[in-house]
>>> print(open('protein-v4.txt').read())   # compact mmCIF, C-alpha atoms and all ligand atoms
# COMPACT_ATOMS: atom_id res chain seq x y z
CA MET O 1 6.42 18.81 -27.46
CA THR O 2 7.33 17.65 -23.94
CA LEU O 3 9.77 19.64 -21.83
CA GLU O 4 12.32 16.86 -22.26
CA ASP O 5 12.05 17.07 -26.06
CA GLN O 6 12.72 20.82 -25.96
CA ILE O 7 16.12 20.31 -24.34
CA ASP O 8 19.08 20.80 -26.68
CA LYS O 9 21.17 17.67 -26.09
CA GLU O 10 24.24 19.39 -27.53
CA ARG O 11 24.18 22.11 -24.84
CA LEU O 12 23.57 20.21 -21.63
CA PRO O 13 25.39 21.35 -18.50
CA ARG O 14 28.44 19.14 -18.13
CA HIS O 15 28.36 19.47 -14.34
CA LEU O 16 25.09 19.99 -12.48
CA ALA O 17 25.17 20.58 -8.72
CA VAL O 18 22.07 20.54 -6.52
CA ILE O 19 21.44 21.87 -3.02
CA MET O 20 18.60 19.56 -2.01
CA ASP O 21 16.76 21.72 0.50
CA GLY O 22 13.31 21.80 2.09
CA ASN O 23 12.81 18.29 3.49
CA GLY O 24 11.98 19.61 6.97
CA ARG O 25 9.47 22.19 5.73
CA TRP O 26 7.83 19.60 3.48
CA ALA O 27 7.24 17.37 6.51
CA LYS O 28 6.09 20.25 8.70
CA GLN O 29 3.50 21.32 6.11
CA LYS O 30 2.05 17.83 6.27
CA GLY O 31 2.17 17.61 10.08
CA LEU O 32 4.86 14.90 9.89
CA PHE O 33 8.22 14.42 11.61
CA ARG O 34 11.22 15.94 9.82
CA SER O 35 12.57 12.41 9.28
CA MET O 36 9.62 11.75 6.93
CA GLY O 37 10.78 14.69 4.85
CA HIS O 38 14.23 13.18 4.56
CA GLU O 39 12.80 9.78 3.70
CA ASN O 40 10.64 11.25 0.95
CA GLY O 41 13.63 13.24 -0.25
CA THR O 42 15.32 9.98 -1.23
CA LYS O 43 12.57 9.39 -3.85
CA ALA O 44 13.44 12.70 -5.47
CA VAL O 45 17.11 11.72 -5.41
CA ARG O 46 16.39 8.51 -7.31
CA GLU O 47 14.22 10.26 -9.92
CA ILE O 48 16.71 13.09 -10.53
CA VAL O 49 19.71 10.76 -10.66
CA GLU O 50 17.98 8.57 -13.26
CA ALA O 51 16.81 11.55 -15.32
CA CYS O 52 20.32 13.05 -15.36
CA ALA O 53 21.90 9.75 -16.37
CA LYS O 54 19.36 9.40 -19.17
CA LEU O 55 20.08 12.82 -20.71
CA PRO O 56 23.05 12.27 -19.97
CA ILE O 57 24.60 14.86 -17.72
CA PRO O 58 28.16 13.57 -17.21
CA TYR O 59 28.62 14.95 -13.68
CA LEU O 60 25.92 15.34 -11.03
CA THR O 61 26.83 16.51 -7.54
CA LEU O 62 24.29 16.41 -4.70
CA TYR O 63 24.69 18.30 -1.43
CA ALA O 64 23.45 15.73 1.06
CA PHE O 65 25.02 16.79 4.38
CA SER O 66 27.05 19.86 5.25
CA THR O 67 29.76 20.33 7.89
CA GLU O 68 27.25 22.63 9.64
CA ASN O 69 24.52 19.95 9.60
CA TRP O 70 26.44 18.13 12.39
CA ASN O 71 25.02 20.85 14.65
CA ARG O 72 21.43 19.60 14.20
CA PRO O 73 19.79 17.56 17.01
CA LYS O 74 21.49 14.18 17.39
CA LEU O 75 18.28 12.35 16.56
CA GLU O 76 18.07 14.05 13.17
CA VAL O 77 21.77 13.48 12.41
CA ASP O 78 21.35 9.78 13.30
CA THR O 79 18.31 9.53 11.02
CA LEU O 80 20.20 11.11 8.13
CA MET O 81 23.16 8.74 8.58
CA ARG O 82 20.85 5.74 8.82
CA LEU O 83 19.07 6.87 5.64
CA LEU O 84 22.42 7.21 3.90
CA VAL O 85 23.32 3.60 4.70
CA SER O 86 19.92 2.20 3.68
CA SER O 87 19.85 4.26 0.45
CA LEU O 88 23.33 3.10 -0.53
CA LYS O 89 22.31 -0.51 0.03
CA LYS O 90 19.06 -0.07 -1.89
CA GLU O 91 20.31 2.06 -4.77
CA ILE O 92 23.33 0.04 -5.83
CA LYS O 93 21.00 -1.54 -8.44
CA THR O 94 19.90 1.89 -9.75
CA LEU O 95 23.57 2.84 -10.11
CA THR O 96 24.52 -0.38 -11.85
CA ASP O 97 21.47 -0.43 -14.17
CA ASN O 98 22.19 3.15 -15.26
CA ASN O 99 25.98 2.76 -15.57
CA ILE O 100 26.58 5.39 -12.85
CA LYS O 101 29.83 5.72 -10.96
CA LEU O 102 29.51 6.85 -7.33
CA ASN O 103 31.93 9.37 -5.87
CA ALA O 104 31.96 11.32 -2.60
CA ILE O 105 33.46 14.63 -1.45
CA GLY O 106 33.78 16.02 2.05
CA ASN O 107 35.40 15.13 5.33
CA LEU O 108 34.42 11.48 4.90
CA ASP O 109 36.44 10.30 7.92
CA SER O 110 33.95 12.09 10.15
CA LEU O 111 31.09 9.85 8.99
CA PRO O 112 29.99 7.01 11.27
CA LYS O 113 32.03 3.85 10.52
CA LYS O 114 29.08 1.96 9.08
CA ALA O 115 28.16 4.76 6.67
CA HIS O 116 31.81 5.17 5.65
CA ARG O 117 32.19 1.44 4.99
CA GLU O 118 28.98 1.23 2.93
CA LEU O 119 29.96 4.32 0.94
CA MET O 120 33.42 2.95 0.11
CA ASP O 121 31.88 -0.38 -0.86
CA VAL O 122 29.46 1.21 -3.38
CA ILE O 123 32.22 3.48 -4.74
CA GLU O 124 34.38 0.39 -5.31
CA ARG O 125 31.57 -1.62 -6.89
CA THR O 126 30.64 1.15 -9.35
CA LYS O 127 34.13 2.40 -10.21
CA SER O 128 34.09 1.07 -13.78
CA ASN O 129 30.75 2.68 -14.67
CA SER O 130 31.05 5.50 -17.17
CA ARG O 131 27.74 7.12 -18.17
CA MET O 132 27.62 9.58 -15.27
CA THR O 133 29.62 10.37 -12.16
CA LEU O 134 27.31 10.92 -9.21
CA THR O 135 29.11 12.76 -6.42
CA LEU O 136 27.59 12.93 -2.95
CA ALA O 137 28.76 15.87 -0.83
CA LEU O 138 28.79 14.40 2.67
CA SER O 139 30.09 16.23 5.71
CA TYR O 140 31.10 18.71 3.05
CA GLY O 141 31.94 22.35 3.65
CA SER O 142 33.70 24.51 1.12
CA ARG O 143 35.68 26.38 3.78
CA GLU O 144 36.88 23.11 5.30
CA GLU O 145 37.91 21.98 1.80
CA ILE O 146 39.81 25.19 1.08
CA THR O 147 41.48 25.14 4.51
CA LYS O 148 42.62 21.55 3.95
CA THR O 149 43.94 22.52 0.52
CA ILE O 150 45.98 25.38 1.94
CA LYS O 151 47.45 23.11 4.62
CA GLU O 152 48.45 20.48 2.06
CA ILE O 153 50.05 22.99 -0.31
CA SER O 154 51.87 24.72 2.58
CA LEU O 155 53.32 21.40 3.63
CA LYS O 156 54.58 20.79 0.09
CA VAL O 157 56.17 24.24 0.06
CA LYS O 158 57.82 23.53 3.40
CA ASN O 159 59.23 20.25 2.06
CA ASN O 160 60.44 21.94 -1.13
CA LEU O 161 58.12 19.88 -3.30
CA ILE O 162 56.60 23.01 -4.81
CA SER O 163 57.74 26.62 -4.99
CA PRO O 164 55.29 29.42 -4.07
CA SER O 165 55.79 31.00 -7.50
CA ASN O 166 54.41 27.81 -9.08
CA ILE O 167 51.14 27.91 -7.17
CA ASP O 168 48.44 28.64 -9.72
CA GLU O 169 44.75 27.87 -10.08
CA SER O 170 45.39 24.37 -11.39
CA VAL O 171 47.57 23.54 -8.36
CA ILE O 172 44.73 24.63 -6.10
CA ASN O 173 42.19 22.69 -8.17
CA ASN O 174 44.29 19.55 -7.89
CA HIS O 175 44.17 19.68 -4.09
CA LEU O 176 40.40 20.11 -3.76
CA TYR O 177 38.04 17.18 -3.09
CA THR O 178 36.65 17.95 -6.56
CA ARG O 179 39.99 17.51 -8.36
CA ASP O 180 38.48 14.96 -10.77
CA LEU O 181 35.38 17.04 -11.57
CA PRO O 182 34.96 19.90 -14.04
CA ASP O 183 33.72 23.32 -12.85
CA VAL O 184 30.00 23.52 -12.08
CA ASP O 185 27.89 24.80 -15.00
CA LEU O 186 24.49 24.91 -13.31
CA LEU O 187 23.66 25.07 -9.60
CA ILE O 188 20.08 24.42 -8.54
CA ARG O 189 18.76 25.10 -5.03
CA THR O 190 15.26 24.00 -4.05
CA SER O 191 12.96 25.31 -1.28
CA GLY O 192 13.11 29.03 -2.03
CA GLU O 193 16.29 29.81 -0.08
CA GLU O 194 18.69 31.87 -2.16
CA ARG O 195 22.06 31.18 -0.61
CA ILE O 196 25.01 28.87 -1.14
CA SER O 197 25.41 27.52 2.42
CA ASN O 198 29.13 26.69 2.12
CA PHE O 199 28.78 24.58 -1.04
CA LEU O 200 31.51 24.49 -3.74
CA LEU O 201 32.50 28.15 -3.36
CA TRP O 202 35.56 27.85 -5.61
CA GLN O 203 33.91 25.54 -8.14
CA ILE O 204 30.82 27.72 -8.81
CA ALA O 205 32.86 30.79 -9.84
CA TYR O 206 31.09 30.87 -13.22
CA ALA O 207 28.11 28.60 -12.60
CA GLU O 208 24.61 29.69 -13.56
CA LEU O 209 22.44 29.81 -10.43
CA TYR O 210 18.84 28.61 -10.44
CA PHE O 211 16.53 28.87 -7.46
CA THR O 212 13.11 27.27 -7.22
CA GLU O 213 10.38 27.33 -4.56
CA THR O 214 9.71 23.60 -4.94
CA LEU O 215 10.63 21.65 -1.81
CA TRP O 216 13.10 18.83 -2.41
CA PRO O 217 10.72 15.89 -1.69
CA ASP O 218 8.37 17.30 -4.39
CA TYR O 219 11.16 17.77 -6.95
CA ARG O 220 10.53 15.72 -10.10
CA LYS O 221 12.16 15.40 -13.51
CA GLU O 222 9.86 18.02 -15.07
CA HIS O 223 11.28 20.54 -12.58
CA LEU O 224 14.79 19.52 -13.63
CA TYR O 225 13.92 19.92 -17.33
CA GLU O 226 12.55 23.41 -16.63
CA ALA O 227 15.81 24.36 -14.93
CA ILE O 228 17.90 23.01 -17.82
CA LEU O 229 15.75 24.84 -20.39
CA ASN O 230 16.17 28.04 -18.39
CA TYR O 231 19.95 27.44 -18.32
CA GLN O 232 20.00 26.91 -22.09
CA ASN O 233 18.37 30.31 -22.62
CA ARG O 234 21.16 32.15 -20.82
CA GLU O 235 24.24 33.69 -22.34
CA ARG O 236 27.41 32.64 -20.51
CA ARG O 237 29.95 35.35 -21.20
CA PHE O 238 32.83 34.51 -18.83
CA GLY O 239 33.81 38.15 -18.71
CA LYS O 240 33.72 38.72 -22.47
CA THR O 241 31.26 40.87 -24.38
CA SER O 242 28.27 39.40 -26.12
CA GLU O 243 29.82 40.22 -29.52
CA GLN O 244 32.98 38.25 -28.76
CA LEU O 245 31.15 34.97 -28.20
C1 LIG Y 1 17.68 19.43 3.32
O1 LIG Y 1 16.46 19.68 3.97
C2 LIG Y 1 18.35 18.20 3.84
C3 LIG Y 1 19.55 18.46 4.66
C4 LIG Y 1 20.04 19.63 4.93
C5 LIG Y 1 20.22 17.30 5.19
P1 LIG Y 1 16.37 20.43 5.36
O2 LIG Y 1 16.39 19.40 6.42
O3 LIG Y 1 17.38 21.48 5.45
O4 LIG Y 1 14.91 21.05 5.26
P2 LIG Y 1 14.44 22.48 5.76
O5 LIG Y 1 15.37 23.49 5.16
O6 LIG Y 1 14.53 22.45 7.25
O7 LIG Y 1 13.05 22.62 5.25
C1 LIG Y 2 22.29 23.08 2.95
O1 LIG Y 2 21.03 23.12 3.51
C2 LIG Y 2 22.88 21.71 3.12
C3 LIG Y 2 22.22 20.64 2.40
C4 LIG Y 2 21.23 20.75 1.55
C5 LIG Y 2 22.77 19.34 2.63
P1 LIG Y 2 20.77 23.72 4.97
O2 LIG Y 2 19.30 23.60 5.19
O3 LIG Y 2 21.64 23.05 5.95
O4 LIG Y 2 21.23 25.22 4.79
P2 LIG Y 2 20.88 26.52 5.64
O5 LIG Y 2 21.27 26.24 7.05
O6 LIG Y 2 19.41 26.76 5.52
O7 LIG Y 2 21.66 27.60 5.01
MG MG Y 3 17.39 23.44 4.93
>>> encode(input="protein-v4.txt", output="structure tokens", more="lines below")
Ligand code: IPE
Ligand code: IPE
Ligand code: MG
Amino acid sequence: MTLEDQIDKERLPRHLAVIMDGNGRWAKQKGLFRSMGHENGTKAVREIVEACAKLPIPYLTLYAFSTENWNRPKLEVDTLMRLLVSSLKKEIKTLTDNNIKLNAIGNLDSLPKKAHRELMDVIERTKSNSRMTLTLALSYGSREEITKTIKEISLKVKNNLISPSNIDESVINNHLYTRDLPDVDLLIRTSGEERISNFLLWQIAYAELYFTETLWPDYRKEHLYEAILNYQNRERRFGKTSEQL
């Protein structure tokens, strides 16, 4: 039986989030420029997006660029932004063929104009697709998101649109970039690093975490199936006892 056949289609994660890490190390190992790592990373993106849509996993969120990544050398940031534009142009067909709706979270106004325009165009052109929502986290930082949320809610309190006693978890949820997404069920990070790096801090409260040594440009659907099978062998208790489940 193949790995894919072993997956229980009734118990798929509803929301899978991925920290795509290790592009630079992949390139370095091969004596290449870091940009080659990023370029090869886009192949893994296509394969994983298609595999998730096929299963289907209804929500896939990919961490593509963090608020902290702006601090990398300008040349690398420019390369990443250029790659974003060319991938969006190239992959519109993949999205359409697989009935995938594109979404984006993060401080999108800080993206270069061209990247922002292309992103909005693909979001608009795929808005009626329904098999899977693919969310790109771009210029995304969880602390920035939470700070923005607090500012927006405070303003509503100030203008008497909401009373402090009515602020609950759902009010907070509804002000996050992820307001239209369910909580994360499974979070995968590639490249051997075992940290969250400012990704979806609120949304991963009860996510299962899965770390793998594989570098992102080498990540293929078999790796994804392994992670999902591992996830399906876990008991998610949400604070309860095993007997209560
Ligand atoms: C992930 O790969 C891509 C981005 C953060 C944009 P890295 O570029 O972080 O690769 P490493 O961690 O240096 O190997
Ligand atoms: C996290 O990777 C961000 C993305 C994958 C886009 P980093 O490579 O930037 O994270 P750190 O700096 O190693 O924690
Ligand atoms: Mg990294």
>>> residues_near_ligand(input="protein-v4.txt", ligand="ligand LIG 1 (chain Y)", cutoff="7 Å", atoms="all atoms listed in the file", output="ChimeraX atom specification")
/O:20-26,38,64-65,69,80
>>> residues_around(input="protein-v4.txt", residues="O:Ser197", least_positions_apart="6", cutoff="9 Å", atoms="only C-alpha atoms", output="ChimeraX atom specification")
/O:19,66,68,141-142
>>> closest_residue(input="protein-v4.txt", among="O:Lys114, O:Arg11, O:Lys90, O:Arg72", to="ligand LIG 2 (chain Y)", atoms="all atoms listed in the file")
O:Arg72
>>> residues_around(input="protein-v4.txt", residues="stretch 207-210 of chain O", least_positions_apart="5", cutoff="9 Å", atoms="all atoms listed in the file", output="VMD selection string")
chain O and resid 183 to 190 194 227 230 to 231 234 236
>>> closest_residue(input="protein-v4.txt", among="O:Ala17, O:Leu12, O:Leu181, O:Ile228", to="ligand LIG 2 (chain Y)", atoms="only C-alpha atoms and all ligand atoms")
O:Ala17
>>> closest_residue(input="protein-v4.txt", among="O:Asn198, O:Ser242, O:Ser35, O:Asn159", to="ligand LIG 2 (chain Y)", atoms="all atoms listed in the file")
O:Asn198
>>> atom_distance(input="protein-v4.txt", atom1="atom CA of O:Leu88", atom2="atom CA of O:Val122")
7.0 Å
>>> build_atoms(input="protein-v4.txt", residues="stretch 202-213 of chain O", atoms="all heavy atoms", output="PDB file, in the frame of the given file")
ATOM      1  N   TRP O 202      34.551  27.674  -4.556  1.00  0.00           N
ATOM      2  CA  TRP O 202      35.560  27.850  -5.610  1.00  0.00           C
ATOM      3  C   TRP O 202      35.005  27.375  -6.971  1.00  0.00           C
ATOM      4  O   TRP O 202      35.186  28.025  -7.997  1.00  0.00           O
ATOM      5  CB  TRP O 202      36.814  27.043  -5.217  1.00  0.00           C
ATOM      6  CG  TRP O 202      37.867  26.899  -6.254  1.00  0.00           C
ATOM      7  CD1 TRP O 202      37.883  25.981  -7.276  1.00  0.00           C
ATOM      8  CD2 TRP O 202      39.061  27.670  -6.402  1.00  0.00           C
ATOM      9  NE1 TRP O 202      39.015  26.130  -8.029  1.00  0.00           N
ATOM     10  CE2 TRP O 202      39.756  27.151  -7.515  1.00  0.00           C
ATOM     11  CE3 TRP O 202      39.618  28.737  -5.684  1.00  0.00           C
ATOM     12  CZ2 TRP O 202      40.985  27.667  -7.940  1.00  0.00           C
ATOM     13  CZ3 TRP O 202      40.844  29.247  -6.104  1.00  0.00           C
ATOM     14  CH2 TRP O 202      41.507  28.719  -7.226  1.00  0.00           C
ATOM     15  N   GLN O 203      34.326  26.238  -6.927  1.00  0.00           N
ATOM     16  CA  GLN O 203      33.910  25.540  -8.140  1.00  0.00           C
ATOM     17  C   GLN O 203      32.721  26.203  -8.851  1.00  0.00           C
ATOM     18  O   GLN O 203      32.441  25.897 -10.007  1.00  0.00           O
ATOM     19  CB  GLN O 203      33.543  24.088  -7.795  1.00  0.00           C
ATOM     20  CG  GLN O 203      34.694  23.276  -7.202  1.00  0.00           C
ATOM     21  CD  GLN O 203      34.825  23.420  -5.684  1.00  0.00           C
ATOM     22  OE1 GLN O 203      34.305  24.358  -5.064  1.00  0.00           O
ATOM     23  NE2 GLN O 203      35.525  22.489  -5.077  1.00  0.00           N
ATOM     24  N   ILE O 204      31.994  27.096  -8.166  1.00  0.00           N
ATOM     25  CA  ILE O 204      30.820  27.720  -8.810  1.00  0.00           C
ATOM     26  C   ILE O 204      31.150  29.118  -9.334  1.00  0.00           C
ATOM     27  O   ILE O 204      30.240  29.885  -9.670  1.00  0.00           O
ATOM     28  CB  ILE O 204      29.587  27.813  -7.876  1.00  0.00           C
ATOM     29  CG1 ILE O 204      29.888  28.647  -6.626  1.00  0.00           C
ATOM     30  CG2 ILE O 204      29.058  26.434  -7.532  1.00  0.00           C
ATOM     31  CD1 ILE O 204      28.639  29.028  -5.853  1.00  0.00           C
ATOM     32  N   ALA O 205      32.455  29.436  -9.446  1.00  0.00           N
ATOM     33  CA  ALA O 205      32.860  30.790  -9.840  1.00  0.00           C
ATOM     34  C   ALA O 205      32.067  31.304 -11.050  1.00  0.00           C
ATOM     35  O   ALA O 205      31.659  32.463 -11.075  1.00  0.00           O
ATOM     36  CB  ALA O 205      34.354  30.823 -10.127  1.00  0.00           C
ATOM     37  N   TYR O 206      31.844  30.448 -12.038  1.00  0.00           N
ATOM     38  CA  TYR O 206      31.090  30.870 -13.220  1.00  0.00           C
ATOM     39  C   TYR O 206      29.843  30.028 -13.491  1.00  0.00           C
ATOM     40  O   TYR O 206      29.365  29.960 -14.621  1.00  0.00           O
ATOM     41  CB  TYR O 206      32.014  30.932 -14.450  1.00  0.00           C
ATOM     42  CG  TYR O 206      32.485  32.355 -14.692  1.00  0.00           C
ATOM     43  CD1 TYR O 206      33.781  32.759 -14.389  1.00  0.00           C
ATOM     44  CD2 TYR O 206      31.584  33.308 -15.179  1.00  0.00           C
ATOM     45  CE1 TYR O 206      34.180  34.074 -14.572  1.00  0.00           C
ATOM     46  CE2 TYR O 206      31.975  34.619 -15.363  1.00  0.00           C
ATOM     47  CZ  TYR O 206      33.274  34.996 -15.061  1.00  0.00           C
ATOM     48  OH  TYR O 206      33.652  36.300 -15.237  1.00  0.00           O
ATOM     49  N   ALA O 207      29.331  29.410 -12.433  1.00  0.00           N
ATOM     50  CA  ALA O 207      28.110  28.600 -12.600  1.00  0.00           C
ATOM     51  C   ALA O 207      26.900  29.509 -12.779  1.00  0.00           C
ATOM     52  O   ALA O 207      26.868  30.630 -12.264  1.00  0.00           O
ATOM     53  CB  ALA O 207      27.914  27.716 -11.379  1.00  0.00           C
ATOM     54  N   GLU O 208      25.919  29.023 -13.502  1.00  0.00           N
ATOM     55  CA  GLU O 208      24.610  29.690 -13.560  1.00  0.00           C
ATOM     56  C   GLU O 208      23.823  29.213 -12.342  1.00  0.00           C
ATOM     57  O   GLU O 208      23.808  28.013 -12.028  1.00  0.00           O
ATOM     58  CB  GLU O 208      23.871  29.299 -14.847  1.00  0.00           C
ATOM     59  CG  GLU O 208      24.564  29.751 -16.114  1.00  0.00           C
ATOM     60  CD  GLU O 208      24.655  31.270 -16.224  1.00  0.00           C
ATOM     61  OE1 GLU O 208      23.726  31.957 -15.751  1.00  0.00           O
ATOM     62  OE2 GLU O 208      25.658  31.774 -16.763  1.00  0.00           O
ATOM     63  N   LEU O 209      23.188  30.165 -11.646  1.00  0.00           N
ATOM     64  CA  LEU O 209      22.440  29.810 -10.430  1.00  0.00           C
ATOM     65  C   LEU O 209      20.951  29.766 -10.734  1.00  0.00           C
ATOM     66  O   LEU O 209      20.433  30.630 -11.438  1.00  0.00           O
ATOM     67  CB  LEU O 209      22.722  30.841  -9.326  1.00  0.00           C
ATOM     68  CG  LEU O 209      24.197  31.145  -9.029  1.00  0.00           C
ATOM     69  CD1 LEU O 209      24.313  32.141  -7.875  1.00  0.00           C
ATOM     70  CD2 LEU O 209      24.963  29.875  -8.684  1.00  0.00           C
ATOM     71  N   TYR O 210      20.284  28.769 -10.196  1.00  0.00           N
ATOM     72  CA  TYR O 210      18.840  28.610 -10.440  1.00  0.00           C
ATOM     73  C   TYR O 210      18.167  28.243  -9.121  1.00  0.00           C
ATOM     74  O   TYR O 210      18.511  27.240  -8.492  1.00  0.00           O
ATOM     75  CB  TYR O 210      18.617  27.500 -11.472  1.00  0.00           C
ATOM     76  CG  TYR O 210      17.167  27.289 -11.843  1.00  0.00           C
ATOM     77  CD1 TYR O 210      16.569  27.984 -12.888  1.00  0.00           C
ATOM     78  CD2 TYR O 210      16.386  26.369 -11.140  1.00  0.00           C
ATOM     79  CE1 TYR O 210      15.234  27.781 -13.230  1.00  0.00           C
ATOM     80  CE2 TYR O 210      15.051  26.155 -11.470  1.00  0.00           C
ATOM     81  CZ  TYR O 210      14.489  26.864 -12.519  1.00  0.00           C
ATOM     82  OH  TYR O 210      13.170  26.666 -12.860  1.00  0.00           O
ATOM     83  N   PHE O 211      17.243  29.115  -8.717  1.00  0.00           N
ATOM     84  CA  PHE O 211      16.530  28.870  -7.460  1.00  0.00           C
ATOM     85  C   PHE O 211      15.062  28.576  -7.743  1.00  0.00           C
ATOM     86  O   PHE O 211      14.456  29.217  -8.606  1.00  0.00           O
ATOM     87  CB  PHE O 211      16.638  30.108  -6.548  1.00  0.00           C
ATOM     88  CG  PHE O 211      18.068  30.459  -6.201  1.00  0.00           C
ATOM     89  CD1 PHE O 211      18.739  31.494  -6.848  1.00  0.00           C
ATOM     90  CD2 PHE O 211      18.753  29.736  -5.227  1.00  0.00           C
ATOM     91  CE1 PHE O 211      20.055  31.808  -6.534  1.00  0.00           C
ATOM     92  CE2 PHE O 211      20.072  30.040  -4.905  1.00  0.00           C
ATOM     93  CZ  PHE O 211      20.729  31.080  -5.555  1.00  0.00           C
ATOM     94  N   THR O 212      14.512  27.596  -7.040  1.00  0.00           N
ATOM     95  CA  THR O 212      13.110  27.270  -7.220  1.00  0.00           C
ATOM     96  C   THR O 212      12.435  27.096  -5.852  1.00  0.00           C
ATOM     97  O   THR O 212      13.074  26.664  -4.894  1.00  0.00           O
ATOM     98  CB  THR O 212      12.931  25.985  -8.063  1.00  0.00           C
ATOM     99  OG1 THR O 212      11.565  25.573  -8.000  1.00  0.00           O
ATOM    100  CG2 THR O 212      13.801  24.853  -7.553  1.00  0.00           C
ATOM    101  N   GLU O 213      11.142  27.441  -5.810  1.00  0.00           N
ATOM    102  CA  GLU O 213      10.380  27.330  -4.560  1.00  0.00           C
ATOM    103  C   GLU O 213      10.062  25.873  -4.200  1.00  0.00           C
ATOM    104  O   GLU O 213       9.759  25.566  -3.052  1.00  0.00           O
ATOM    105  CB  GLU O 213       9.038  28.091  -4.699  1.00  0.00           C
ATOM    106  CG  GLU O 213       9.165  29.597  -4.829  1.00  0.00           C
ATOM    107  CD  GLU O 213       9.569  30.287  -3.527  1.00  0.00           C
ATOM    108  OE1 GLU O 213       9.205  29.780  -2.437  1.00  0.00           O
ATOM    109  OE2 GLU O 213      10.262  31.320  -3.613  1.00  0.00           O
TER     110      GLU O 213
END
